[in-house]
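**Student:** Dropping a structure here in structure tokens format, bear with me for questions.
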2 protein chains.
Amino acid sequence: MPELRKSPIFEGWVIISTERGKRPNDFRREKKPARGGFCPFCNGNEDKTPPEVLAYRDPMSAPNREGWKVRVVPNKFPALQIEGDLDKRGDGIYDMMRGVGAHEVVIESPDHSKNIQYLPQEHVESIFWALRERSLDLKKDSRFRYILIFKNWGEEAGASLEHSHIQIIATPIIPKRAVEEINGSKFHYDLKERCIFCDILMHEIKEQKRVIYQNENFIAITPFASRFPFESWILPLKHISAFEKTPTEWFPSLADILKNTLTRIDIALDEPPFNFIIHTSPCNQPDMPYYHWHIEIMPKLTRVAGFEWGSGFYINPTPPEEAAEVLRNIDLTKCGNGAEEVRNVEGQ
Amino acid sequence: MPELRKSPIFEGWVIISTERGKRPNDFRREKKPARGGFCPFCNGNEDKTPPEVLAYRDPMSAPNREGWKVRVVPNKFPALQIEGDLDKRGDGIYDMMRGVGAHEVVIESPDHSKNIQYLPQEHVESIFWALRERSLDLKKDSRFRYILIFKNWGEEAGASLEHSHIQIIATPIIPKRAVEEINGSKFHYDLKERCIFCDILMHEIKEQKRVIYQNENFIAITPFASRFPFESWILPLKHISAFEKTPTEWFPSLADILKNTLTRIDIALDEPPFNFIIHTSPCNQPDMPYYHWHIEIMPKLTRVAGFEWGSGFYINPTPPEEAAEVLRNIDLTKCGNGAEEVRNVEGQ
């Protein structure tokens with residue numbers, strides 16, 4: 001059973017996977033993960049994953065067989081395990097609990113080679129429907145305090161499988177960064193009775209210096225204090241604290257802006273590895289007037305030196321105003337590189 | 001002039017290097033940094049760096065010529081610039097200041113191929129003398145609030161030059177992680193009137209489960225809530241809040257424990273890329289009864305997935321008790337791999 005351990009010095013929890021228990025030799029083998037070959041997420045290999053917890057599929061098809069469009073399965077090697085109680089305890093000055101949680105994988109499509117931004121818009125909407133449905137379901141479990149939704153794409157961004165997928169981790173603690181954002185935005189609200197994210201939107205729309213793209217319900221910007229080159233955020237234009245409370249009528253524009261932004265990044269930066277994380281409010285919370293859900297996209301362009309995550313002090317060589325200008329000026333009707341995929345985007 | 005920008009949402013500053021201003025094409029070129037070839041840190045190339053600010057050298061030798069043992073020079077491509085005032089200002093909801101600071105490089109030895117752990121103990125002591133001397137000098141500048149000392153070794157750990165070196169960045173803000181550690185340890189002190197780090201030491205010495213090595217004045221442990229496999233901390237056994245206030249009589253044992261710990265990591269993990277950071281108290285502070293300086297060593301074994309730095313939620317596949325056992329049991333008198341270097345260590 002994995003264990004959750006709290007830093008005795010500050011707010012911050014770590015999952016220690018006691019079962020994986022990697023010894024030194026495992027790291028040597030890990031250096032080059034195998035690519036190509038067999039893929040458990042592909043069409044026809046449904047029996048190579050744990051049984052699906054959700055699938056949007058042809059009504060004539062059977063569960064865990066071909067005929068699906070989006071499929072959600074438990075992670076075969078979960079960071080947290082679903083059974084049991086938290087069993088919170090101490091050991092002298094230390095605090096820990098059992099690593100109880102859920103770890104699921106959203107397989108975005110049966111097509112091995114299509115990344116999310118190159119799926120048709122209506123397909124991407126279905127992916128958001130699946131994320132919403134799983135969030136609502138996992139939030140019913142009173143042991144969970146946060147639903148972390150994220151995507152690693154490309155080996156350098158930590159993806160261990162090529163086939164495009166999104167991960168969902170339901171945790172019994174609130175991740176450190178979410179705690180910081182919530183406390184920080186609450187502080188702003190207590191001072192001004194306004195949501196800091198709504199203030200940022202107003203400022204950015206007025207200034208237009210860091211706007212990448214905007215549609216009916218969402219905006220994509222490069223944040224003022226971007227930690228990474230070409231870091232991009234997608235936010236709903238109206239205040240909503242939790243992702244799963246987004247009106248589903250907005251899903252077409254949500255799918256549009258995610259495809260649009262990721263495609264611009266791909267063309268500008270030659271399909272870089274990237275991560276995105278949905279930042280949303282914790283479980284068991286009423287609507288929060290001070291917190292505003294959003295997606296943070298981080299292309300992996302520079303090696304993040306250890307001193308950066310060790311000190312929390314980031315050096316970003318590209319001003320976000322320049323990054324936004326580059327991304328804004330990408331002409332999605334004229335294909336530079338990645339031509340085939342872009343035609344696919346434009347042709348829908 | 002680089003700019004320091006504060007996150008509007010929470011405590012956290014980013015250096016935006018406006019002058020470097022990397023455009024998309026720069027990242028494509030960056031993919032494979034050149035290795036081998038000319039090295040500005042090598043003996044005889046002293047005129048290829050900015051003039052030295054400190055050097056321990058043969059008394060017969062001239063500055064910025066051969067004959068040195070440890071040499072400190074300003075970084076040729078500094079993240080922060082030394083001239084001028086901070087000029088703190090706001091832009092609507094945003095806060096920023098000019099990127100004023102110092103960025104220096106400590107060239108550990110004239111020998112291109114020797115990493116710090118394979119230098120003679122007395123040489124490593126000189127490196128700590130140089131770090132102390134530069135810290136004391138930089139702390140005199142009232143614009144600076146923190147002296148960040150760190151080492152990136154190996155390309156994957158962010159080193160842009162092979163020749164082994166340490167970096168010093170003097171910043172006009174206190175890095176986020178230092179703020180968190182100080183606030184967290186102050187909270188513990190306010191509750192118990194004890195230093196949390198001293199409590200950790202007592203606990204670890206008693207339990208012996210996470211101890212790697214101990215000598216007269218220092219101990220090396222794997223921390224209870226290790227974020228990374230084989231993460232290792234070196235702490236002084238007696239309470240001292242600032243690195244530069246360490247009694248210099250302790251430098252032999254400090255050099256010993258750094259060499260010893262890094263050599264164990266090298267043997268156990270086949271010379272992995274790594275980072276270390278000296279965590280110390282901020283500038284212009286009296287002795288802090290609640291903060292305890294230490295070195296955090298992070299071997300770079302797994303790719304840190306974006307979701308980990310994006311969420312602050314780490315998954316560590318190696319329990320620190322197992323890591324400590326592996327490192328503790330390395331027999332430094334019998335060489336496994338890295339034989340030549342280890343003989344060098346043992347033979348001094």
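Labels for the structure tokens follow display order: chains A, B, ..., residues from 1 in each chain, ligands from 1.
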Give the superposed chain B as a compact mmCIF listing (two decimals) with C-alpha atoms, in the first residue's frame, the fit being least squares on chain A over all ordered C-alpha pairs.

**Tutor:**
```txt
# COMPACT_ATOMS: atom_id res chain seq x y z
CA MET B 1 -0.02 0.01 0.00
CA PRO B 2 1.50 3.35 -0.95
CA GLU B 3 1.96 5.86 1.87
CA LEU B 4 1.24 9.57 1.99
CA ARG B 5 3.80 11.46 4.04
CA LYS B 6 3.69 15.08 5.09
CA SER B 7 6.76 17.25 5.10
CA PRO B 8 7.41 18.05 8.78
CA ILE B 9 8.65 21.48 7.74
CA PHE B 10 5.87 22.87 5.59
CA GLU B 11 2.54 22.12 3.94
CA GLY B 12 3.27 19.48 1.33
CA TRP B 13 2.60 15.79 0.89
CA VAL B 14 4.50 13.11 -1.01
CA ILE B 15 3.27 9.72 -2.22
CA ILE B 16 5.85 7.09 -1.34
CA SER B 17 5.12 4.05 -3.52
CA THR B 18 6.31 1.35 -1.20
CA GLU B 19 5.18 -1.39 -3.53
CA ARG B 20 6.96 -0.20 -6.59
CA GLY B 21 10.00 0.18 -4.32
CA LYS B 22 12.46 1.03 -7.05
CA ARG B 23 15.99 -0.13 -6.34
CA PRO B 24 19.04 1.49 -7.95
CA ASN B 25 19.06 -0.95 -10.88
CA ASP B 26 15.52 -0.06 -11.86
CA PHE B 27 16.61 3.47 -12.65
CA ARG B 28 19.36 2.22 -14.94
CA ARG B 29 16.87 0.17 -16.92
CA GLU B 30 14.47 3.10 -16.97
CA LYS B 31 16.79 5.37 -18.90
CA LYS B 32 15.29 4.52 -22.28
CA PRO B 33 11.64 3.52 -22.07
CA ALA B 34 10.59 1.33 -24.95
CA ARG B 35 8.70 3.07 -27.77
CA GLY B 36 6.63 1.60 -30.53
CA GLY B 37 5.48 -1.97 -30.34
CA PHE B 38 2.49 -3.13 -28.37
CA CYS B 39 0.09 -0.49 -27.01
CA PRO B 40 -2.54 -1.43 -24.38
CA PHE B 41 -4.60 1.67 -25.22
CA CYS B 42 -5.14 0.78 -28.90
CA ASN B 43 -8.28 -0.56 -30.50
CA GLY B 44 -8.56 -4.30 -30.01
CA ASN B 45 -6.37 -4.39 -26.88
CA GLU B 46 -9.18 -3.55 -24.45
CA ASP B 47 -8.48 -6.70 -22.40
CA LYS B 48 -4.94 -5.51 -21.67
CA THR B 49 -6.18 -2.74 -19.36
CA PRO B 50 -8.22 -3.09 -16.16
CA PRO B 51 -11.97 -3.10 -17.00
CA GLU B 52 -13.34 0.28 -18.07
CA VAL B 53 -15.11 2.52 -15.55
CA LEU B 54 -16.63 4.62 -18.31
CA ALA B 55 -16.73 4.47 -22.09
CA TYR B 56 -18.54 6.35 -24.80
CA ARG B 57 -19.11 3.62 -27.31
CA ASP B 58 -21.28 2.37 -30.12
CA PRO B 59 -24.52 1.23 -28.42
CA MET B 60 -24.17 -2.10 -30.25
CA SER B 61 -20.70 -2.76 -28.84
CA ALA B 62 -19.89 -4.69 -25.66
CA PRO B 63 -17.95 -3.22 -22.74
CA ASN B 64 -14.18 -3.75 -22.88
CA ARG B 65 -14.30 -4.55 -26.58
CA GLU B 66 -13.77 -2.44 -29.70
CA GLY B 67 -16.31 0.22 -30.69
CA TRP B 68 -15.46 2.98 -28.21
CA LYS B 69 -14.62 6.61 -28.77
CA VAL B 70 -13.39 7.69 -25.32
CA ARG B 71 -12.53 5.13 -22.67
CA VAL B 72 -11.69 5.53 -18.97
CA VAL B 73 -9.87 2.73 -17.13
CA PRO B 74 -8.14 2.43 -13.76
CA ASN B 75 -4.37 2.91 -14.04
CA LYS B 76 -2.72 -0.51 -14.10
CA PHE B 77 0.12 0.86 -11.93
CA PRO B 78 -1.76 3.27 -9.69
CA ALA B 79 0.08 5.84 -7.57
CA LEU B 80 -2.72 5.50 -5.01
CA GLN B 81 -4.99 2.57 -4.24
CA ILE B 82 -8.73 2.64 -4.07
CA GLU B 83 -9.44 0.29 -1.15
CA GLY B 84 -9.44 1.01 2.54
CA ASP B 85 -9.40 3.78 5.07
CA LEU B 86 -6.89 6.57 5.41
CA ASP B 87 -5.60 5.42 8.79
CA LYS B 88 -4.00 8.77 9.61
CA ARG B 89 -1.17 8.38 12.09
CA GLY B 90 2.02 9.88 13.43
CA ASP B 91 5.52 8.59 14.14
CA GLY B 92 7.15 11.02 16.55
CA ILE B 93 7.37 14.29 14.63
CA TYR B 94 6.12 12.77 11.38
CA ASP B 95 2.61 12.50 9.91
CA MET B 96 1.39 9.98 7.40
CA MET B 97 -1.66 8.19 6.06
CA ARG B 98 -2.30 5.26 3.80
CA GLY B 99 -2.09 6.09 0.12
CA VAL B 100 -5.79 5.78 -0.58
CA GLY B 101 -7.08 7.34 -3.78
CA ALA B 102 -8.12 6.72 -7.34
CA HIS B 103 -5.87 6.79 -10.37
CA GLU B 104 -7.61 6.58 -13.73
CA VAL B 105 -6.59 7.01 -17.34
CA VAL B 106 -8.76 8.67 -19.98
CA ILE B 107 -7.83 7.18 -23.35
CA GLU B 108 -8.72 10.02 -25.66
CA SER B 109 -9.39 7.99 -28.79
CA PRO B 110 -8.70 4.54 -30.25
CA ASP B 111 -6.24 6.14 -32.70
CA HIS B 112 -2.67 5.65 -31.47
CA SER B 113 -1.19 8.53 -33.41
CA LYS B 114 -3.71 11.33 -32.83
CA ASN B 115 -3.03 13.79 -30.06
CA ILE B 116 -5.99 15.57 -28.47
CA GLN B 117 -5.58 18.80 -30.45
CA TYR B 118 -5.97 16.95 -33.76
CA LEU B 119 -9.19 15.16 -32.87
CA PRO B 120 -12.41 16.71 -34.24
CA GLN B 121 -13.91 19.34 -31.96
CA GLU B 122 -16.90 17.21 -31.16
CA HIS B 123 -14.59 14.37 -30.06
CA VAL B 124 -12.71 16.72 -27.72
CA GLU B 125 -16.08 17.74 -26.26
CA SER B 126 -16.70 14.08 -25.44
CA ILE B 127 -13.38 13.96 -23.61
CA PHE B 128 -14.49 16.90 -21.46
CA TRP B 129 -17.80 15.09 -20.86
CA ALA B 130 -15.85 12.07 -19.65
CA LEU B 131 -13.67 14.21 -17.35
CA ARG B 132 -16.82 15.83 -15.96
CA GLU B 133 -18.57 12.53 -15.43
CA ARG B 134 -15.58 10.98 -13.65
CA SER B 135 -15.07 14.12 -11.51
CA LEU B 136 -18.68 14.10 -10.37
CA ASP B 137 -18.49 10.40 -9.56
CA LEU B 138 -15.17 10.56 -7.68
CA LYS B 139 -16.34 13.59 -5.71
CA LYS B 140 -19.03 11.42 -4.15
CA ASP B 141 -16.33 9.51 -2.25
CA SER B 142 -15.93 11.34 1.05
CA ARG B 143 -12.34 10.15 1.45
CA PHE B 144 -11.20 12.33 -1.46
CA ARG B 145 -10.41 16.00 -1.13
CA TYR B 146 -9.13 16.85 -4.61
CA ILE B 147 -9.50 15.62 -8.18
CA LEU B 148 -6.26 16.27 -10.06
CA ILE B 149 -6.67 16.08 -13.86
CA PHE B 150 -3.53 16.33 -15.97
CA LYS B 151 -1.90 15.32 -19.20
CA ASN B 152 1.74 14.47 -19.87
CA TRP B 153 2.52 14.37 -23.56
CA GLY B 154 5.91 13.31 -24.87
CA GLU B 155 8.62 11.39 -23.11
CA GLU B 156 10.35 14.53 -21.80
CA ALA B 157 7.09 15.64 -20.21
CA GLY B 158 6.84 12.37 -18.29
CA ALA B 159 4.50 10.36 -20.54
CA SER B 160 5.27 6.66 -20.20
CA LEU B 161 2.94 5.67 -23.05
CA GLU B 162 2.80 7.30 -26.48
CA HIS B 163 -0.93 6.85 -27.05
CA SER B 164 -2.48 10.18 -26.09
CA HIS B 165 -4.22 10.09 -22.71
CA ILE B 166 -5.21 12.17 -19.70
CA GLN B 167 -4.81 11.07 -16.07
CA ILE B 168 -7.13 11.61 -13.13
CA ILE B 169 -5.86 11.22 -9.57
CA ALA B 170 -8.30 11.58 -6.68
CA THR B 171 -6.33 12.40 -3.54
CA PRO B 172 -7.16 12.43 0.17
CA ILE B 173 -5.19 15.67 0.54
CA ILE B 174 -5.29 18.95 -1.38
CA PRO B 175 -2.13 19.35 -3.49
CA LYS B 176 0.23 22.08 -2.31
CA ARG B 177 -0.14 24.31 -5.33
CA ALA B 178 -3.95 24.21 -5.08
CA VAL B 179 -3.74 25.20 -1.40
CA GLU B 180 -1.48 28.10 -2.31
CA GLU B 181 -3.73 29.32 -5.11
CA ILE B 182 -6.84 29.08 -2.94
CA ASN B 183 -5.22 30.85 0.01
CA GLY B 184 -3.73 33.52 -2.24
CA SER B 185 -6.97 34.20 -4.07
CA LYS B 186 -8.91 34.21 -0.80
CA PHE B 187 -6.51 36.84 0.53
CA HIS B 188 -7.24 39.01 -2.51
CA TYR B 189 -10.96 38.46 -2.10
CA ASP B 190 -10.87 39.36 1.59
CA LEU B 191 -9.16 42.63 0.67
CA LYS B 192 -11.21 43.59 -2.37
CA GLU B 193 -14.26 41.32 -2.56
CA ARG B 194 -13.23 40.42 -6.09
CA CYS B 195 -11.85 37.27 -7.66
CA ILE B 196 -8.19 37.76 -8.59
CA PHE B 197 -8.66 35.63 -11.73
CA CYS B 198 -11.60 37.80 -12.85
CA ASP B 199 -9.38 40.84 -12.25
CA ILE B 200 -6.62 39.24 -14.35
CA LEU B 201 -9.09 38.58 -17.19
CA MET B 202 -10.34 42.17 -17.18
CA HIS B 203 -6.79 43.49 -17.18
CA GLU B 204 -5.65 41.19 -19.98
CA ILE B 205 -8.67 41.81 -22.20
CA LYS B 206 -8.16 45.54 -21.83
CA GLU B 207 -4.40 45.42 -22.47
CA GLN B 208 -4.37 42.69 -25.16
CA LYS B 209 -0.62 42.21 -24.58
CA ARG B 210 -0.79 38.63 -23.34
CA VAL B 211 -3.94 37.34 -25.09
CA ILE B 212 -3.44 34.34 -27.40
CA TYR B 213 -7.03 33.64 -28.42
CA GLN B 214 -10.55 34.24 -27.18
CA ASN B 215 -13.90 32.71 -28.06
CA GLU B 216 -17.43 32.95 -26.73
CA ASN B 217 -16.82 31.50 -23.28
CA PHE B 218 -13.05 31.19 -22.79
CA ILE B 219 -9.78 33.07 -23.14
CA ALA B 220 -6.20 31.83 -23.56
CA ILE B 221 -3.42 34.03 -22.19
CA THR B 222 0.24 33.83 -21.25
CA PRO B 223 0.33 34.71 -17.54
CA PHE B 224 2.15 37.86 -16.37
CA ALA B 225 4.54 35.89 -14.14
CA SER B 226 5.00 32.91 -16.51
CA ARG B 227 7.45 30.43 -14.99
CA PHE B 228 8.17 28.74 -18.31
CA PRO B 229 8.55 29.95 -21.90
CA PHE B 230 5.19 29.82 -23.69
CA GLU B 231 3.30 28.82 -20.54
CA SER B 232 -0.38 29.34 -21.45
CA TRP B 233 -3.55 29.45 -19.37
CA ILE B 234 -7.13 28.87 -20.50
CA LEU B 235 -9.81 30.43 -18.29
CA PRO B 236 -13.61 30.66 -18.49
CA LEU B 237 -14.66 34.28 -19.08
CA LYS B 238 -17.33 34.02 -16.38
CA HIS B 239 -16.56 33.12 -12.78
CA ILE B 240 -16.83 29.39 -12.05
CA SER B 241 -14.82 27.77 -9.28
CA ALA B 242 -15.02 24.09 -10.26
CA PHE B 243 -14.36 22.53 -13.64
CA GLU B 244 -17.27 20.11 -13.37
CA LYS B 245 -19.71 22.94 -12.71
CA THR B 246 -18.97 24.49 -16.12
CA PRO B 247 -22.22 24.67 -18.11
CA THR B 248 -22.02 21.87 -20.65
CA GLU B 249 -23.25 24.31 -23.32
CA TRP B 250 -19.77 25.80 -23.05
CA PHE B 251 -18.03 22.54 -23.93
CA PRO B 252 -17.91 23.31 -27.67
CA SER B 253 -15.99 26.52 -26.99
CA LEU B 254 -13.84 24.75 -24.38
CA ALA B 255 -12.92 22.09 -26.95
CA ASP B 256 -12.31 24.82 -29.52
CA ILE B 257 -9.95 26.83 -27.35
CA LEU B 258 -7.95 23.81 -26.18
CA LYS B 259 -7.46 22.60 -29.76
CA ASN B 260 -6.68 26.09 -30.96
CA THR B 261 -4.12 26.87 -28.26
CA LEU B 262 -2.34 23.53 -28.43
CA THR B 263 -2.18 23.71 -32.23
CA ARG B 264 -0.60 27.18 -32.07
CA ILE B 265 1.98 25.85 -29.60
CA ASP B 266 2.67 22.89 -31.89
CA ILE B 267 3.22 25.07 -34.93
CA ALA B 268 5.28 27.72 -33.14
CA LEU B 269 7.48 25.26 -31.29
CA ASP B 270 7.58 22.19 -33.54
CA GLU B 271 5.32 19.88 -31.51
CA PRO B 272 7.06 20.19 -28.15
CA PRO B 273 6.43 17.80 -25.26
CA PHE B 274 3.95 19.46 -22.88
CA ASN B 275 1.88 19.09 -19.75
CA PHE B 276 -1.45 20.54 -18.87
CA ILE B 277 -3.19 20.55 -15.52
CA ILE B 278 -6.77 21.47 -14.71
CA HIS B 279 -6.70 23.72 -11.64
CA THR B 280 -10.05 23.43 -9.91
CA SER B 281 -11.57 23.87 -6.47
CA PRO B 282 -11.35 21.03 -3.91
CA CYS B 283 -14.06 18.44 -3.27
CA ASN B 284 -16.88 19.08 -0.82
CA GLN B 285 -16.78 22.83 -1.32
CA PRO B 286 -19.67 25.13 -2.13
CA ASP B 287 -19.12 27.59 -5.00
CA MET B 288 -16.09 29.69 -4.10
CA PRO B 289 -16.45 33.36 -4.97
CA TYR B 290 -12.66 33.77 -4.89
CA TYR B 291 -11.42 30.77 -6.89
CA HIS B 292 -11.71 30.40 -10.67
CA TRP B 293 -10.94 27.12 -12.40
CA HIS B 294 -8.51 27.13 -15.32
CA ILE B 295 -6.15 24.99 -17.39
CA GLU B 296 -2.38 25.59 -17.21
CA ILE B 297 -0.41 24.41 -20.25
CA MET B 298 3.38 24.10 -19.93
CA PRO B 299 5.39 23.25 -23.04
CA LYS B 300 8.61 21.53 -22.00
CA LEU B 301 11.23 23.59 -23.82
CA THR B 302 13.98 24.10 -21.31
CA ARG B 303 15.29 21.68 -18.77
CA VAL B 304 13.95 22.81 -15.44
CA ALA B 305 17.16 22.87 -13.44
CA GLY B 306 17.00 21.32 -10.02
CA PHE B 307 17.63 24.64 -8.39
CA GLU B 308 14.33 25.87 -9.82
CA TRP B 309 12.16 23.24 -8.21
CA GLY B 310 14.44 23.20 -5.19
CA SER B 311 14.14 26.91 -4.57
CA GLY B 312 10.81 27.75 -6.20
CA PHE B 313 12.63 30.52 -8.02
CA TYR B 314 12.12 30.33 -11.81
CA ILE B 315 14.11 31.92 -14.61
CA ASN B 316 12.09 32.33 -17.80
CA PRO B 317 14.03 33.34 -20.88
CA THR B 318 10.95 34.33 -22.94
CA PRO B 319 8.80 37.29 -21.84
CA PRO B 320 5.13 36.25 -21.91
CA GLU B 321 4.29 39.26 -24.08
CA GLU B 322 6.60 37.90 -26.80
CA ALA B 323 5.24 34.38 -26.41
CA ALA B 324 1.64 35.64 -26.72
CA GLU B 325 2.55 37.65 -29.81
CA VAL B 326 4.12 34.62 -31.48
CA LEU B 327 1.17 32.37 -30.63
CA ARG B 328 -1.46 34.99 -31.54
CA ASN B 329 0.12 35.54 -34.94
CA ILE B 330 0.14 31.88 -35.96
CA ASP B 331 -2.10 31.68 -39.00
CA LEU B 332 -4.09 28.51 -38.56
CA THR B 333 -5.41 28.71 -42.11
CA LYS B 334 -1.89 28.56 -43.57
CA CYS B 335 0.10 25.56 -42.62
CA GLY B 336 3.75 25.91 -41.79
CA ASN B 337 4.95 22.70 -40.31
CA GLY B 338 2.77 19.95 -38.93
CA ALA B 339 0.83 20.56 -42.15
CA GLU B 340 -1.27 17.45 -42.26
CA GLU B 341 -2.54 17.82 -38.75
CA VAL B 342 -3.31 21.47 -39.19
CA ARG B 343 -5.33 20.80 -42.31
CA ASN B 344 -7.18 18.34 -40.21
CA VAL B 345 -7.89 21.03 -37.66
CA GLU B 346 -8.99 23.55 -40.20
CA GLY B 347 -10.97 21.12 -42.25
CA GLN B 348 -13.36 19.95 -39.56
```

**Student:** Please return as JSON, numbers by chain: the residues of region 1-120 of chain B that backbone DSSP assigns to strand (DSSP E or B).

**Tutor:** {"B": [3, 4, 5, 6, 13, 14, 15, 16, 54, 55, 56, 57, 68, 69, 70, 71, 72, 73, 74, 81, 89, 90, 91, 94, 95, 96, 97, 98, 100, 102, 103, 104, 105, 106, 107]}

**Student:** Run DSSP on the backbone and tell me which residues of region 30-268 of chain B come out as helix (DSSP H, G or I); list them as an NGL selection string.

**Tutor:** :B and (30 or 46-48 or 116-118 or 121-138 or 155-157 or 176-192 or 196-207 or 243-245 or 248-268)
